[in-house]
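Notes follow once the structure below has been shown.
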Amino acid sequence: MPSLATKIGGKKFMWDKGRYSNEEEARDRMARYEKNGFEAECVEENGIYLVYTRRLVTEIVLEEGGQTL
């Protein structure tokens, strides 16, 4: 079973739990993640392609009052 989390370039990425049979399929999934503000990386492991993603928190909204920090 692939690791749930891995470090790539010193950054922590989380596995999306998908197993893609070819690189093109994995790249299509990555493009969708990137469109939604995620960083995405593809890793090939024993002929299966895995997608790892990460997203930085850039804004925190408090529930009460809806103020940003």
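Numbering starts fresh at 1 for the residues of each chain in the structure tokens, the chains themselves are lettered A, B, ... in the order given, and ligands are numbered from 1 as they appear.
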Open item on the list: I want to know what sits within 7 Å of Glu41 (chain A), based on only C-alpha atoms, with residues of the same chain fewer than 3 positions away left out; could you give that as a ChimeraX atom specification?
Closed with: /A:51-53
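All residues in chain A with a DSSP state of strand (DSSP E or B), computed from the backbone, read Ala5, Thr6, Lys7, Ile8, Lys11, Lys12, Phe13, Met14, Trp15, Tyr20, Glu39, Ala40, Glu41, Cys42, Val43, Glu44, Glu45, Ile48, Tyr49, Leu50, Val51, Tyr52, Thr53, Arg54, Val61 and Thr68 of chain A.
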Hey, can you spit out that residue selection with C-alpha atoms as a tab-separated table (two decimals), in the first residue's frame?
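Okay, result_12.tsv is ready:
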```
chain	number	residue	atom	x	y	z
A	5	ALA	CA	1.91	11.12	3.04
A	6	THR	CA	5.29	11.78	1.45
A	7	LYS	CA	7.78	14.61	1.23
A	8	ILE	CA	8.61	15.91	-2.22
A	11	LYS	CA	7.12	19.72	1.21
A	12	LYS	CA	4.54	17.31	2.66
A	13	PHE	CA	2.03	15.90	0.17
A	14	MET	CA	-0.97	13.64	0.83
A	15	TRP	CA	-1.96	10.73	-1.44
A	20	TYR	CA	-3.95	5.40	-12.08
A	39	GLU	CA	-0.12	21.64	-5.73
A	40	ALA	CA	0.04	18.15	-7.23
A	41	GLU	CA	2.80	15.66	-7.95
A	42	CYS	CA	2.75	12.34	-9.80
A	43	VAL	CA	4.77	9.37	-8.51
A	44	GLU	CA	5.19	6.07	-10.38
A	45	GLU	CA	5.34	3.03	-8.11
A	48	ILE	CA	0.97	2.32	-11.02
A	49	TYR	CA	0.77	6.11	-10.97
A	50	LEU	CA	-0.11	7.87	-7.74
A	51	VAL	CA	-1.12	11.51	-7.26
A	52	TYR	CA	-0.03	13.41	-4.18
A	53	THR	CA	-1.47	16.84	-3.37
A	54	ARG	CA	-1.03	19.70	-0.94
A	61	VAL	CA	-12.00	32.81	8.68
A	68	THR	CA	-10.16	36.99	8.63
```
Please return as a PDB file with all heavy atoms, in the first residue's frame: the residues of chain A that backbone DSSP assigns to alpha helix (DSSP H).
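Writing the result to part_21.pdb gives the following:
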```
ATOM      1  N   GLU A  23       0.231   7.340 -17.006  1.00  0.00           N
ATOM      2  CA  GLU A  23       0.628   8.693 -16.617  1.00  0.00           C
ATOM      3  C   GLU A  23      -0.360   9.743 -17.102  1.00  0.00           C
ATOM      4  O   GLU A  23      -0.624  10.724 -16.402  1.00  0.00           O
ATOM      5  CB  GLU A  23       2.035   8.995 -17.141  1.00  0.00           C
ATOM      6  CG  GLU A  23       2.605  10.281 -16.616  1.00  0.00           C
ATOM      7  CD  GLU A  23       4.045  10.501 -16.998  1.00  0.00           C
ATOM      8  OE1 GLU A  23       4.609   9.705 -17.774  1.00  0.00           O
ATOM      9  OE2 GLU A  23       4.626  11.495 -16.520  1.00  0.00           O
ATOM     10  N   GLU A  24      -0.934   9.537 -18.269  1.00  0.00           N
ATOM     11  CA  GLU A  24      -1.895  10.514 -18.811  1.00  0.00           C
ATOM     12  C   GLU A  24      -3.113  10.657 -17.884  1.00  0.00           C
ATOM     13  O   GLU A  24      -3.570  11.769 -17.608  1.00  0.00           O
ATOM     14  CB  GLU A  24      -2.351  10.098 -20.207  1.00  0.00           C
ATOM     15  CG  GLU A  24      -3.311  11.082 -20.842  1.00  0.00           C
ATOM     16  CD  GLU A  24      -3.768  10.654 -22.223  1.00  0.00           C
ATOM     17  OE1 GLU A  24      -3.212   9.687 -22.774  1.00  0.00           O
ATOM     18  OE2 GLU A  24      -4.688  11.294 -22.734  1.00  0.00           O
ATOM     19  N   GLU A  25      -3.619   9.548 -17.397  1.00  0.00           N
ATOM     20  CA  GLU A  25      -4.755   9.567 -16.480  1.00  0.00           C
ATOM     21  C   GLU A  25      -4.390  10.317 -15.188  1.00  0.00           C
ATOM     22  O   GLU A  25      -5.173  11.128 -14.683  1.00  0.00           O
ATOM     23  CB  GLU A  25      -5.158   8.128 -16.158  1.00  0.00           C
ATOM     24  CG  GLU A  25      -6.416   7.983 -15.368  1.00  0.00           C
ATOM     25  CD  GLU A  25      -6.761   6.520 -15.100  1.00  0.00           C
ATOM     26  OE1 GLU A  25      -6.089   5.609 -15.624  1.00  0.00           O
ATOM     27  OE2 GLU A  25      -7.718   6.311 -14.343  1.00  0.00           O
ATOM     28  N   ALA A  26      -3.196  10.062 -14.666  1.00  0.00           N
ATOM     29  CA  ALA A  26      -2.731  10.737 -13.453  1.00  0.00           C
ATOM     30  C   ALA A  26      -2.571  12.238 -13.706  1.00  0.00           C
ATOM     31  O   ALA A  26      -2.948  13.065 -12.870  1.00  0.00           O
ATOM     32  CB  ALA A  26      -1.422  10.133 -12.975  1.00  0.00           C
ATOM     33  N   ARG A  27      -2.025  12.611 -14.863  1.00  0.00           N
ATOM     34  CA  ARG A  27      -1.835  14.032 -15.191  1.00  0.00           C
ATOM     35  C   ARG A  27      -3.181  14.751 -15.333  1.00  0.00           C
ATOM     36  O   ARG A  27      -3.305  15.915 -14.960  1.00  0.00           O
ATOM     37  CB  ARG A  27      -1.013  14.191 -16.471  1.00  0.00           C
ATOM     38  CG  ARG A  27       0.382  13.629 -16.376  1.00  0.00           C
ATOM     39  CD  ARG A  27       1.351  14.648 -15.900  1.00  0.00           C
ATOM     40  NE  ARG A  27       2.663  14.023 -15.741  1.00  0.00           N
ATOM     41  CZ  ARG A  27       3.523  14.368 -14.817  1.00  0.00           C
ATOM     42  NH1 ARG A  27       3.238  15.346 -13.983  1.00  0.00           N
ATOM     43  NH2 ARG A  27       4.681  13.768 -14.714  1.00  0.00           N
ATOM     44  N   ASP A  28      -4.186  14.070 -15.881  1.00  0.00           N
ATOM     45  CA  ASP A  28      -5.524  14.667 -15.972  1.00  0.00           C
ATOM     46  C   ASP A  28      -6.070  14.964 -14.583  1.00  0.00           C
ATOM     47  O   ASP A  28      -6.649  16.021 -14.335  1.00  0.00           O
ATOM     48  CB  ASP A  28      -6.489  13.738 -16.717  1.00  0.00           C
ATOM     49  CG  ASP A  28      -6.237  13.676 -18.205  1.00  0.00           C
ATOM     50  OD1 ASP A  28      -5.525  14.563 -18.741  1.00  0.00           O
ATOM     51  OD2 ASP A  28      -6.748  12.734 -18.848  1.00  0.00           O
ATOM     52  N   ARG A  29      -5.888  14.017 -13.647  1.00  0.00           N
ATOM     53  CA  ARG A  29      -6.348  14.214 -12.266  1.00  0.00           C
ATOM     54  C   ARG A  29      -5.583  15.360 -11.620  1.00  0.00           C
ATOM     55  O   ARG A  29      -6.161  16.197 -10.934  1.00  0.00           O
ATOM     56  CB  ARG A  29      -6.163  12.923 -11.475  1.00  0.00           C
ATOM     57  CG  ARG A  29      -6.504  13.053 -10.012  1.00  0.00           C
ATOM     58  CD  ARG A  29      -7.935  13.426  -9.775  1.00  0.00           C
ATOM     59  NE  ARG A  29      -8.764  12.295 -10.115  1.00  0.00           N
ATOM     60  CZ  ARG A  29     -10.063  12.239  -9.891  1.00  0.00           C
ATOM     61  NH1 ARG A  29     -10.674  13.234  -9.307  1.00  0.00           N
ATOM     62  NH2 ARG A  29     -10.764  11.192 -10.249  1.00  0.00           N
ATOM     63  N   MET A  30      -4.269  15.419 -11.868  1.00  0.00           N
ATOM     64  CA  MET A  30      -3.456  16.507 -11.313  1.00  0.00           C
ATOM     65  C   MET A  30      -3.951  17.862 -11.792  1.00  0.00           C
ATOM     66  O   MET A  30      -4.023  18.814 -11.014  1.00  0.00           O
ATOM     67  CB  MET A  30      -1.983  16.334 -11.721  1.00  0.00           C
ATOM     68  CG  MET A  30      -1.270  15.228 -10.993  1.00  0.00           C
ATOM     69  SD  MET A  30       0.400  14.953 -11.625  1.00  0.00           S
ATOM     70  CE  MET A  30       1.115  16.570 -11.467  1.00  0.00           C
ATOM     71  N   ALA A  31      -4.291  17.955 -13.063  1.00  0.00           N
ATOM     72  CA  ALA A  31      -4.767  19.220 -13.632  1.00  0.00           C
ATOM     73  C   ALA A  31      -6.041  19.682 -12.925  1.00  0.00           C
ATOM     74  O   ALA A  31      -6.218  20.881 -12.669  1.00  0.00           O
ATOM     75  CB  ALA A  31      -5.012  19.075 -15.128  1.00  0.00           C
ATOM     76  N   ARG A  32      -6.904  18.741 -12.579  1.00  0.00           N
ATOM     77  CA  ARG A  32      -8.143  19.114 -11.871  1.00  0.00           C
ATOM     78  C   ARG A  32      -7.835  19.634 -10.467  1.00  0.00           C
ATOM     79  O   ARG A  32      -8.434  20.601 -10.008  1.00  0.00           O
ATOM     80  CB  ARG A  32      -9.113  17.933 -11.815  1.00  0.00           C
ATOM     81  CG  ARG A  32      -9.627  17.610 -13.200  1.00  0.00           C
ATOM     82  CD  ARG A  32     -10.839  16.747 -13.256  1.00  0.00           C
ATOM     83  NE  ARG A  32     -10.823  15.561 -12.423  1.00  0.00           N
ATOM     84  CZ  ARG A  32     -11.598  14.508 -12.628  1.00  0.00           C
ATOM     85  NH1 ARG A  32     -12.424  14.490 -13.640  1.00  0.00           N
ATOM     86  NH2 ARG A  32     -11.552  13.477 -11.830  1.00  0.00           N
ATOM     87  N   TYR A  33      -6.892  18.981  -9.788  1.00  0.00           N
ATOM     88  CA  TYR A  33      -6.489  19.461  -8.466  1.00  0.00           C
ATOM     89  C   TYR A  33      -5.869  20.855  -8.567  1.00  0.00           C
ATOM     90  O   TYR A  33      -6.180  21.745  -7.774  1.00  0.00           O
ATOM     91  CB  TYR A  33      -5.492  18.513  -7.803  1.00  0.00           C
ATOM     92  CG  TYR A  33      -6.117  17.285  -7.195  1.00  0.00           C
ATOM     93  CD1 TYR A  33      -5.767  16.015  -7.630  1.00  0.00           C
ATOM     94  CD2 TYR A  33      -7.064  17.381  -6.176  1.00  0.00           C
ATOM     95  CE1 TYR A  33      -6.320  14.880  -7.073  1.00  0.00           C
ATOM     96  CE2 TYR A  33      -7.635  16.252  -5.613  1.00  0.00           C
ATOM     97  CZ  TYR A  33      -7.256  15.005  -6.061  1.00  0.00           C
ATOM     98  OH  TYR A  33      -7.819  13.886  -5.504  1.00  0.00           O
ATOM     99  N   GLU A  34      -4.983  21.050  -9.535  1.00  0.00           N
ATOM    100  CA  GLU A  34      -4.306  22.339  -9.689  1.00  0.00           C
ATOM    101  C   GLU A  34      -5.297  23.449 -10.011  1.00  0.00           C
ATOM    102  O   GLU A  34      -5.149  24.575  -9.549  1.00  0.00           O
ATOM    103  CB  GLU A  34      -3.209  22.223 -10.746  1.00  0.00           C
ATOM    104  CG  GLU A  34      -2.051  21.376 -10.245  1.00  0.00           C
ATOM    105  CD  GLU A  34      -1.066  20.969 -11.325  1.00  0.00           C
ATOM    106  OE1 GLU A  34      -1.364  21.144 -12.538  1.00  0.00           O
ATOM    107  OE2 GLU A  34       0.006  20.444 -10.961  1.00  0.00           O
ATOM    108  N   LYS A  35      -6.326  23.129 -10.773  1.00  0.00           N
ATOM    109  CA  LYS A  35      -7.373  24.109 -11.097  1.00  0.00           C
ATOM    110  C   LYS A  35      -8.090  24.581  -9.823  1.00  0.00           C
ATOM    111  O   LYS A  35      -8.572  25.702  -9.753  1.00  0.00           O
ATOM    112  CB  LYS A  35      -8.382  23.483 -12.067  1.00  0.00           C
ATOM    113  CG  LYS A  35      -9.471  24.408 -12.516  1.00  0.00           C
ATOM    114  CD  LYS A  35     -10.409  23.715 -13.473  1.00  0.00           C
ATOM    115  CE  LYS A  35     -11.563  24.624 -13.840  1.00  0.00           C
ATOM    116  NZ  LYS A  35     -12.550  23.943 -14.678  1.00  0.00           N
TER     117      LYS A  35
END
```
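Rounded to one decimal, CA of Ile60 (chain A) and CA of Gly9 (chain A) lie 25.7 Å from each other.
If only C-alpha atoms are the atoms counted, then among A:Asn36, A:Thr58, A:Asn22, A:Asn46 the closest residue to Pro2 (chain A) is A:Asn46.
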